[in-house]
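**Student:** Contents of protein.cif (mmCIF, C-alpha atoms):
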```cif
data_protein
#
loop_
_atom_site.group_PDB
_atom_site.id
_atom_site.type_symbol
_atom_site.label_atom_id
_atom_site.label_comp_id
_atom_site.auth_asym_id
_atom_site.auth_seq_id
_atom_site.Cartn_x
_atom_site.Cartn_y
_atom_site.Cartn_z
ATOM 1 C CA LEU A 1 99.818 152.851 149.594
ATOM 2 C CA LEU A 2 97.480 151.488 152.267
ATOM 3 C CA CYS A 3 93.820 152.550 152.268
ATOM 4 C CA LEU A 4 93.459 152.438 156.044
ATOM 5 C CA LYS A 5 89.972 153.983 156.104
ATOM 6 C CA LEU A 6 88.474 151.726 153.419
ATOM 7 C CA THR A 7 85.409 150.113 155.041
ATOM 8 C CA GLU A 8 83.427 148.591 152.186
ATOM 9 C CA ILE A 9 84.177 146.675 148.986
ATOM 10 C CA GLU A 10 81.466 145.928 146.453
ATOM 11 C CA PHE A 11 82.038 143.913 143.293
ATOM 12 C CA SER A 12 79.775 144.023 140.255
ATOM 13 C CA LYS A 13 77.767 140.852 139.677
ATOM 14 C CA TYR A 14 79.499 140.750 136.294
ATOM 15 C CA SER A 15 82.972 140.981 137.839
ATOM 16 C CA GLU A 16 85.717 139.104 135.989
ATOM 17 C CA LEU A 17 88.270 139.528 138.781
ATOM 18 C CA GLU A 18 90.358 136.346 139.038
ATOM 19 C CA ILE A 19 93.147 137.117 141.511
ATOM 20 C CA ILE A 20 93.200 139.125 144.737
ATOM 21 C CA GLU A 21 96.901 139.963 144.860
ATOM 22 C CA SER A 22 99.274 139.903 147.835
ATOM 23 C CA GLY A 23 98.486 142.671 150.301
ATOM 24 C CA ALA A 24 95.571 143.945 148.184
ATOM 25 C CA PHE A 25 93.406 144.852 151.180
ATOM 26 C CA GLN A 26 95.926 144.632 154.015
ATOM 27 C CA GLU A 27 95.313 146.845 157.033
ATOM 28 C CA THR A 28 92.082 148.306 155.639
ATOM 29 C CA SER A 29 88.981 148.750 157.808
ATOM 30 C CA ILE A 30 86.614 146.535 155.817
ATOM 31 C CA GLU A 31 84.127 144.596 157.940
ATOM 32 C CA HIS A 32 82.517 142.136 155.500
ATOM 33 C CA ILE A 33 83.381 140.929 152.039
ATOM 34 C CA HIS A 34 81.597 138.812 149.457
ATOM 35 C CA ILE A 35 84.145 137.260 147.110
ATOM 36 C CA PRO A 36 82.860 137.231 143.504
ATOM 37 C CA PRO A 37 82.514 133.881 141.704
ATOM 38 C CA SER A 38 85.261 134.675 139.184
ATOM 39 C CA VAL A 39 88.047 134.786 141.815
ATOM 40 C CA ILE A 40 90.307 131.722 141.599
ATOM 41 C CA GLU A 41 93.075 132.766 143.997
ATOM 42 C CA ILE A 42 93.455 134.853 147.150
ATOM 43 C CA CYS A 43 97.206 135.481 147.393
ATOM 44 C CA ASP A 44 99.484 135.679 150.434
ATOM 45 C CA ILE A 45 98.642 138.358 153.050
ATOM 46 C CA ALA A 46 95.767 139.654 150.864
ATOM 47 C CA PHE A 47 93.724 140.618 153.954
ATOM 48 C CA TYR A 48 96.591 140.837 156.422
ATOM 49 C CA ASN A 49 95.744 142.706 159.635
ATOM 50 C CA CYS A 50 92.216 143.736 158.602
ATOM 51 C CA LEU A 51 91.203 144.211 162.232
ATOM 52 C CA GLN A 52 87.516 144.933 161.534
ATOM 53 C CA LEU A 53 86.911 142.069 159.100
ATOM 54 C CA SER A 54 84.405 139.685 160.685
ATOM 55 C CA GLU A 55 82.877 137.773 157.780
ATOM 56 C CA VAL A 56 84.026 136.397 154.422
ATOM 57 C CA VAL A 57 81.404 134.834 152.137
ATOM 58 C CA PHE A 58 82.093 133.062 148.885
ATOM 59 C CA HIS A 59 79.560 133.133 146.037
ATOM 60 C CA LYS A 60 77.601 129.926 145.419
ATOM 61 C CA GLN A 61 79.290 129.617 142.007
ATOM 62 C CA SER A 62 82.728 130.351 143.465
ATOM 63 C CA ARG A 63 85.695 129.156 141.378
ATOM 64 C CA LEU A 64 88.224 129.817 144.153
ATOM 65 C CA LYS A 65 91.059 127.261 144.095
ATOM 66 C CA THR A 66 93.651 128.654 146.515
ATOM 67 C CA ILE A 67 93.803 130.624 149.757
ATOM 68 C CA GLY A 68 97.369 131.925 150.077
ATOM 69 C CA LYS A 69 99.821 131.943 152.952
ATOM 70 C CA GLN A 70 98.739 134.232 155.803
ATOM 71 C CA ALA A 71 95.885 135.486 153.590
ATOM 72 C CA PHE A 72 93.743 136.423 156.629
ATOM 73 C CA TYR A 73 96.543 136.687 159.208
ATOM 74 C CA GLY A 74 95.754 139.169 161.962
ATOM 75 C CA CYS A 75 92.056 139.570 161.113
ATOM 76 C CA LYS A 76 91.290 139.523 164.817
ATOM 77 C CA ASN A 77 87.501 139.821 164.434
ATOM 78 C CA LEU A 78 87.138 137.193 161.715
ATOM 79 C CA SER A 79 84.788 134.615 163.180
ATOM 80 C CA ARG A 80 83.113 133.111 160.112
ATOM 81 C CA ILE A 81 84.224 131.881 156.718
ATOM 82 C CA GLU A 82 81.535 130.257 154.649
ATOM 83 C CA PHE A 83 82.321 127.930 151.746
ATOM 84 C CA GLN A 84 79.489 126.815 149.493
ATOM 85 C CA PRO A 85 78.748 123.072 149.068
ATOM 86 C CA ASN A 86 79.897 123.133 145.436
ATOM 87 C CA SER A 87 83.157 124.958 146.244
ATOM 88 C CA GLU A 88 86.182 124.312 143.972
ATOM 89 C CA LEU A 89 88.713 125.205 146.696
ATOM 90 C CA ARG A 90 91.710 122.851 146.546
ATOM 91 C CA THR A 91 94.466 124.430 148.658
ATOM 92 C CA ILE A 92 94.698 126.315 151.956
ATOM 93 C CA LYS A 93 98.267 127.465 152.522
ATOM 94 C CA GLU A 94 100.384 127.935 155.640
ATOM 95 C CA LYS A 95 98.996 130.129 158.444
ATOM 96 C CA ALA A 96 96.050 131.256 156.285
ATOM 97 C CA PHE A 97 93.918 132.091 159.348
ATOM 98 C CA LEU A 98 96.600 132.856 161.939
ATOM 99 C CA ASP A 99 95.413 135.108 164.784
ATOM 100 C CA THR A 100 91.719 135.111 163.836
ATOM 101 C CA LYS A 101 88.635 134.315 165.949
ATOM 102 C CA LEU A 102 87.323 131.512 163.767
ATOM 103 C CA ALA A 103 85.114 129.336 165.953
ATOM 104 C CA SER A 104 84.026 126.976 163.211
ATOM 105 C CA ILE A 105 85.405 125.894 159.875
ATOM 106 C CA SER A 106 84.051 123.487 157.297
ATOM 107 C CA ILE A 107 86.463 122.124 154.713
ATOM 108 C CA PRO A 108 84.777 121.641 151.328
ATOM 109 C CA ALA A 109 84.839 118.285 149.520
ATOM 110 C CA SER A 110 87.142 119.721 146.849
ATOM 111 C CA ALA A 111 89.952 120.699 149.293
ATOM 112 C CA ILE A 112 92.733 118.101 149.113
ATOM 113 C CA ASP A 113 95.785 120.138 150.072
ATOM 114 C CA LEU A 114 95.798 121.619 153.568
ATOM 115 C CA GLU A 115 99.410 122.766 153.741
ATOM 116 C CA GLU A 116 101.557 122.293 156.829
ATOM 117 C CA GLY A 117 100.524 124.819 159.456
ATOM 118 C CA TRP A 118 97.370 125.945 157.622
ATOM 119 C CA CYS A 119 95.478 125.797 160.918
ATOM 120 C CA SER A 120 98.099 127.288 163.229
ATOM 121 C CA GLY A 121 97.067 130.164 165.461
ATOM 122 C CA ILE A 122 93.305 129.540 165.388
ATOM 123 C CA GLU A 123 92.737 129.732 169.136
ATOM 124 C CA ASN A 124 88.917 129.822 169.309
ATOM 125 C CA LEU A 125 88.138 126.865 167.064
ATOM 126 C CA LYS A 126 85.316 124.799 168.582
ATOM 127 C CA HIS A 127 83.936 122.953 165.568
ATOM 128 C CA VAL A 128 85.728 121.428 162.579
ATOM 129 C CA GLU A 129 83.885 119.786 159.726
ATOM 130 C CA VAL A 130 84.713 118.211 156.365
ATOM 131 C CA GLU A 131 82.077 118.068 153.642
ATOM 132 C CA SER A 132 81.169 114.500 152.678
ATOM 133 C CA GLY A 133 82.846 113.243 149.531
ATOM 134 C CA ASN A 134 86.275 114.717 150.345
ATOM 135 C CA ALA A 135 88.917 112.325 148.951
ATOM 136 C CA ARG A 136 91.572 113.120 151.560
ATOM 137 C CA TYR A 137 90.092 114.425 154.821
ATOM 138 C CA LEU A 138 87.429 113.285 157.271
ATOM 139 C CA SER A 139 85.968 114.942 160.370
ATOM 140 C CA VAL A 140 85.230 112.984 163.532
ATOM 141 C CA ASP A 141 82.338 114.183 165.722
ATOM 142 C CA GLY A 142 83.006 117.773 164.632
ATOM 143 C CA LYS A 143 85.971 117.791 167.029
ATOM 144 C CA TYR A 144 88.935 116.798 164.901
ATOM 145 C CA ILE A 145 90.021 116.133 161.336
ATOM 146 C CA ILE A 146 92.022 113.134 160.179
ATOM 147 C CA GLY A 147 93.577 112.766 156.759
ATOM 148 C CA LYS A 148 95.664 110.673 154.403
ATOM 149 C CA SER A 149 99.372 111.541 154.325
ATOM 150 C CA ASN A 150 99.177 110.507 150.677
ATOM 151 C CA ILE A 151 95.892 110.862 148.816
ATOM 152 C CA GLU A 152 96.448 107.409 147.277
ATOM 153 C CA ARG A 153 96.239 105.714 150.699
ATOM 154 C CA GLU A 154 93.070 103.937 151.704
ATOM 155 C CA ASP A 155 93.329 104.582 155.436
ATOM 156 C CA TYR A 156 93.382 107.892 157.301
ATOM 157 C CA ASP A 157 96.821 107.860 158.909
ATOM 158 C CA MET A 158 97.326 111.500 159.969
ATOM 159 C CA LEU A 159 95.803 113.706 162.679
ATOM 160 C CA ILE A 160 95.308 117.139 161.072
ATOM 161 C CA ILE A 161 93.640 119.399 163.661
ATOM 162 C CA CYS A 162 91.472 119.200 166.757
ATOM 163 C CA SER A 163 89.119 121.744 168.277
ATOM 164 C CA CYS A 164 90.475 124.040 170.962
ATOM 165 C CA ASP A 165 87.987 122.941 173.611
ATOM 166 C CA LEU A 166 88.990 119.274 173.442
ATOM 167 C CA VAL A 167 90.341 118.161 176.841
ATOM 168 C CA GLU A 168 90.509 114.390 176.352
ATOM 169 C CA MET A 169 91.229 112.355 173.264
ATOM 170 C CA ASN A 170 91.789 108.785 172.138
ATOM 171 C CA ILE A 171 93.607 109.046 168.829
ATOM 172 C CA PRO A 172 92.282 106.455 166.322
ATOM 173 C CA ASP A 173 94.427 103.330 165.860
ATOM 174 C CA THR A 174 94.954 104.075 162.150
ATOM 175 C CA ILE A 175 96.933 107.260 162.918
ATOM 176 C CA ARG A 176 100.690 107.082 162.238
ATOM 177 C CA ILE A 177 101.432 110.814 162.106
ATOM 178 C CA ILE A 178 100.360 113.631 164.427
ATOM 179 C CA GLY A 179 100.559 116.562 162.059
ATOM 180 C CA PRO A 180 102.141 119.981 162.700
ATOM 181 C CA PHE A 181 99.997 122.183 164.992
ATOM 182 C CA ALA A 182 97.366 119.401 165.266
ATOM 183 C CA LEU A 183 97.031 119.900 169.046
ATOM 184 C CA ALA A 184 98.667 123.309 169.362
ATOM 185 C CA GLN A 185 95.671 125.358 170.481
ATOM 186 C CA SER A 186 93.786 122.632 172.365
ATOM 187 C CA LYS A 187 93.074 122.471 176.096
ATOM 188 C CA ILE A 188 94.042 118.807 176.040
ATOM 189 C CA GLN A 189 94.660 117.287 179.475
ATOM 190 C CA ARG A 190 94.670 113.598 178.633
ATOM 191 C CA ILE A 191 95.597 111.903 175.385
ATOM 192 C CA LEU A 192 95.967 108.280 174.401
ATOM 193 C CA ILE A 193 98.534 107.885 171.619
ATOM 194 C CA PRO A 194 98.247 104.522 169.822
ATOM 195 C CA ALA A 195 101.243 102.263 169.198
ATOM 196 C CA ASN A 196 101.060 102.915 165.439
ATOM 197 C CA VAL A 197 102.169 106.560 165.813
ATOM 198 C CA THR A 198 105.705 106.923 164.449
ATOM 199 C CA LYS A 199 105.939 110.697 163.963
#
```
Transcribe the structure of this file into structure tokens.
**Tutor:**
Amino acid sequence: LLCLKLTEIEFSKYSELEIIESGAFQETSIEHIHIPPSVIEICDIAFYNCLQLSEVVFHKQSRLKTIGKQAFYGCKNLSRIEFQPNSELRTIKEKAFLDTKLASISIPASAIDLEEGWCSGIENLKHVEVESGNARYLSVDGKYIIGKSNIEREDYDMLIICSCDLVEMNIPDTIRIIGPFALAQSKIQRILIPANVTK
């Protein structure tokens, strides 16, 4: 049963909640949520179609490891997600932020598995950042993210995502793979693809 008129969620500071299950808050009217530090997983479509949700904040001692598939899909007012510098987040799954208004996203150092299509449908993205110390991903000028197709590689051989306002781009020579949805929402007009690109 959907709680369509639910506007506010407050967790006790002693909360032991570990999992926000699939569809737990879907289509509610919540506007802001602070995720308690005990939560380790936000499952698929947990906040699906929460049209009023504009801000998600994770506790500074957050133990969150996974954001599920389409977890925030359809949260049309969601413009800010804030991860703390000591975040334990490892995985963002497919279409996690589809059809949101995220303008900026910073990937924490702990995140090493951005699943195929994790960034699809983010049409207002202007700034992308990766926290220093990330073993797999690197941001370039806050405008795009490159990564390693295999975490064991030394070079960054994959283009992951670029900001939507990018109109011109010279892809780095190390890139071999232009990843799924990497340029999908951009306003790109001119792009130089290096000879090394094979996929």
**Student:** What does the PyMOL selection byres ((chain A and resi 52) around 8) select in this file, as a list in words?
**Tutor:** Ser29, Ile30, Glu31, Cys50, Leu51, Leu53, Ser54, Cys75, Lys76, Asn77 and Leu78 of chain A
**Student:** Written as a list in words, what is the full residue list that the PyMOL selection byres ((chain A and resi 133) around 12) yields on the file shown?
**Tutor:**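 So the PyMOL selection byres ((chain A and resi 133) around 12), applied here, picks out Pro85, Asn86, Ile107, Pro108, Ala109, Ser110, Ala111, Ile112, Val130, Glu131, Ser132, Asn134, Ala135, Arg136, Tyr137, Leu138 and Ser139 of chain A.
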**Student:** Env of A:Glu18: 9 Å cut, atoms = all atoms listed in the file, seq-sep filter 2 positions within chain, self excluded. Answer as an NGL selection string.
**Tutor:** :A and (15-16 or 20 or 36-42 or 63-64)
**Student:** Write out as a list in words each polymer residue whose atoms come within 9 Å of A:Asp157, counting only C-alpha atoms; drop sequence neighbours fewer than 2 positions from it.
**Tutor:**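 So the residues in contact are Ile146, Gly147, Lys148, Ser149, Asn150, Arg153, Asp155, Leu159, Pro172, Asp173, Thr174, Ile175, Arg176, Ile177, Ile178 and Val197 of chain A.
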**Student:** Restricting the calculation to all atoms listed in the file, which member of A:His127, A:His59, A:Lys93, A:Lys13 is positioned closest to A:Ile35?
**Tutor:**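 Ranked by minimum distance to A:Ile35, first place goes to A:His59.
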**Student:** Which one is closest to A:Ala195: A:Asn170, A:Ala182, A:Ile67, A:Ile105? Count all atoms listed in the file.
**Tutor:**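 Counting all atoms listed in the file, the residue closest to A:Ala195 is A:Asn170.
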**Student:** Rounded to one decimal, what separation in Å do you get between atom CA of A:Glu8 and atom CA of A:Gln26?
**Tutor:**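 These atoms are spaced 13.2 Å apart.
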**Student:** Which residues, written as a compact mmCIF listing (two decimals) with C-alpha atoms, keeping the file's coordinate frame, have at least one atom at most 10 Å from A:Glu123, with all atoms listed in the file counted and residues fewer than 6 positions away on the same chain left out?
**Tutor:**
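Generated output (out.txt):
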```txt
# COMPACT_ATOMS: atom_id res chain seq x y z
CA LEU A 98 96.60 132.86 161.94
CA ASP A 99 95.41 135.11 164.78
CA THR A 100 91.72 135.11 163.84
CA LYS A 101 88.64 134.32 165.95
CA LEU A 102 87.32 131.51 163.77
CA ALA A 103 85.11 129.34 165.95
CA SER A 163 89.12 121.74 168.28
CA CYS A 164 90.48 124.04 170.96
CA ASP A 165 87.99 122.94 173.61
CA ALA A 184 98.67 123.31 169.36
CA GLN A 185 95.67 125.36 170.48
CA SER A 186 93.79 122.63 172.36
```
**Student:** For atom CA of A:Gln189 and atom CA of A:Arg80, quote the distance in Å rounded to one decimal.
**Tutor:**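 Straight-line distance from atom CA of A:Gln189 to atom CA of A:Arg80 works out to 27.5 Å.
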**Student:** To one decimal place, how far is atom CA of A:Tyr48 from atom CA of A:Glu27 in Å?
**Tutor:**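 Atom-to-atom, atom CA of A:Tyr48 to atom CA of A:Glu27, that is 6.2 Å.
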**Student:** For A:Ser12, which residue among A:Ala96, A:Arg190, A:His34, A:Phe58 is the nearest when counting only C-alpha atoms?
**Tutor:**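 Among the listed residues, the smallest separation from A:Ser12 belongs to A:His34.
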**Student:** Considering only C-alpha atoms, can you say which of A:Lys95, A:Lys187, A:Lys199, A:Lys143 comes closest to A:Tyr73?
**Tutor:**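 So, comparing all the options, the nearest one is A:Lys95.
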**Student:** Identify which of the residues A:Gly179, A:Cys43, A:Thr28, A:Ile33 lies closest to A:Phe11, counting only C-alpha atoms when measuring atom-to-atom distances.
**Tutor:**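 Closest to A:Phe11 of all the choices is A:Ile33.
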**Student:** Identify which of the residues A:Ile45, A:Ala24, A:Ile9, A:Leu89 lies closest to A:Gly74, counting all atoms listed in the file when measuring atom-to-atom distances.
**Tutor:**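 Once distances to A:Gly74 are computed over all atoms listed in the file, the minimum belongs to A:Ile45.
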**Student:** For the point (86.8, 134.2, 153.5) in the file's frame, write as a PyMOL selection string all residues with an atom no more than 7 Å away, counting all atoms listed in the file.
**Tutor:** chain A and resi 55-58+81-82
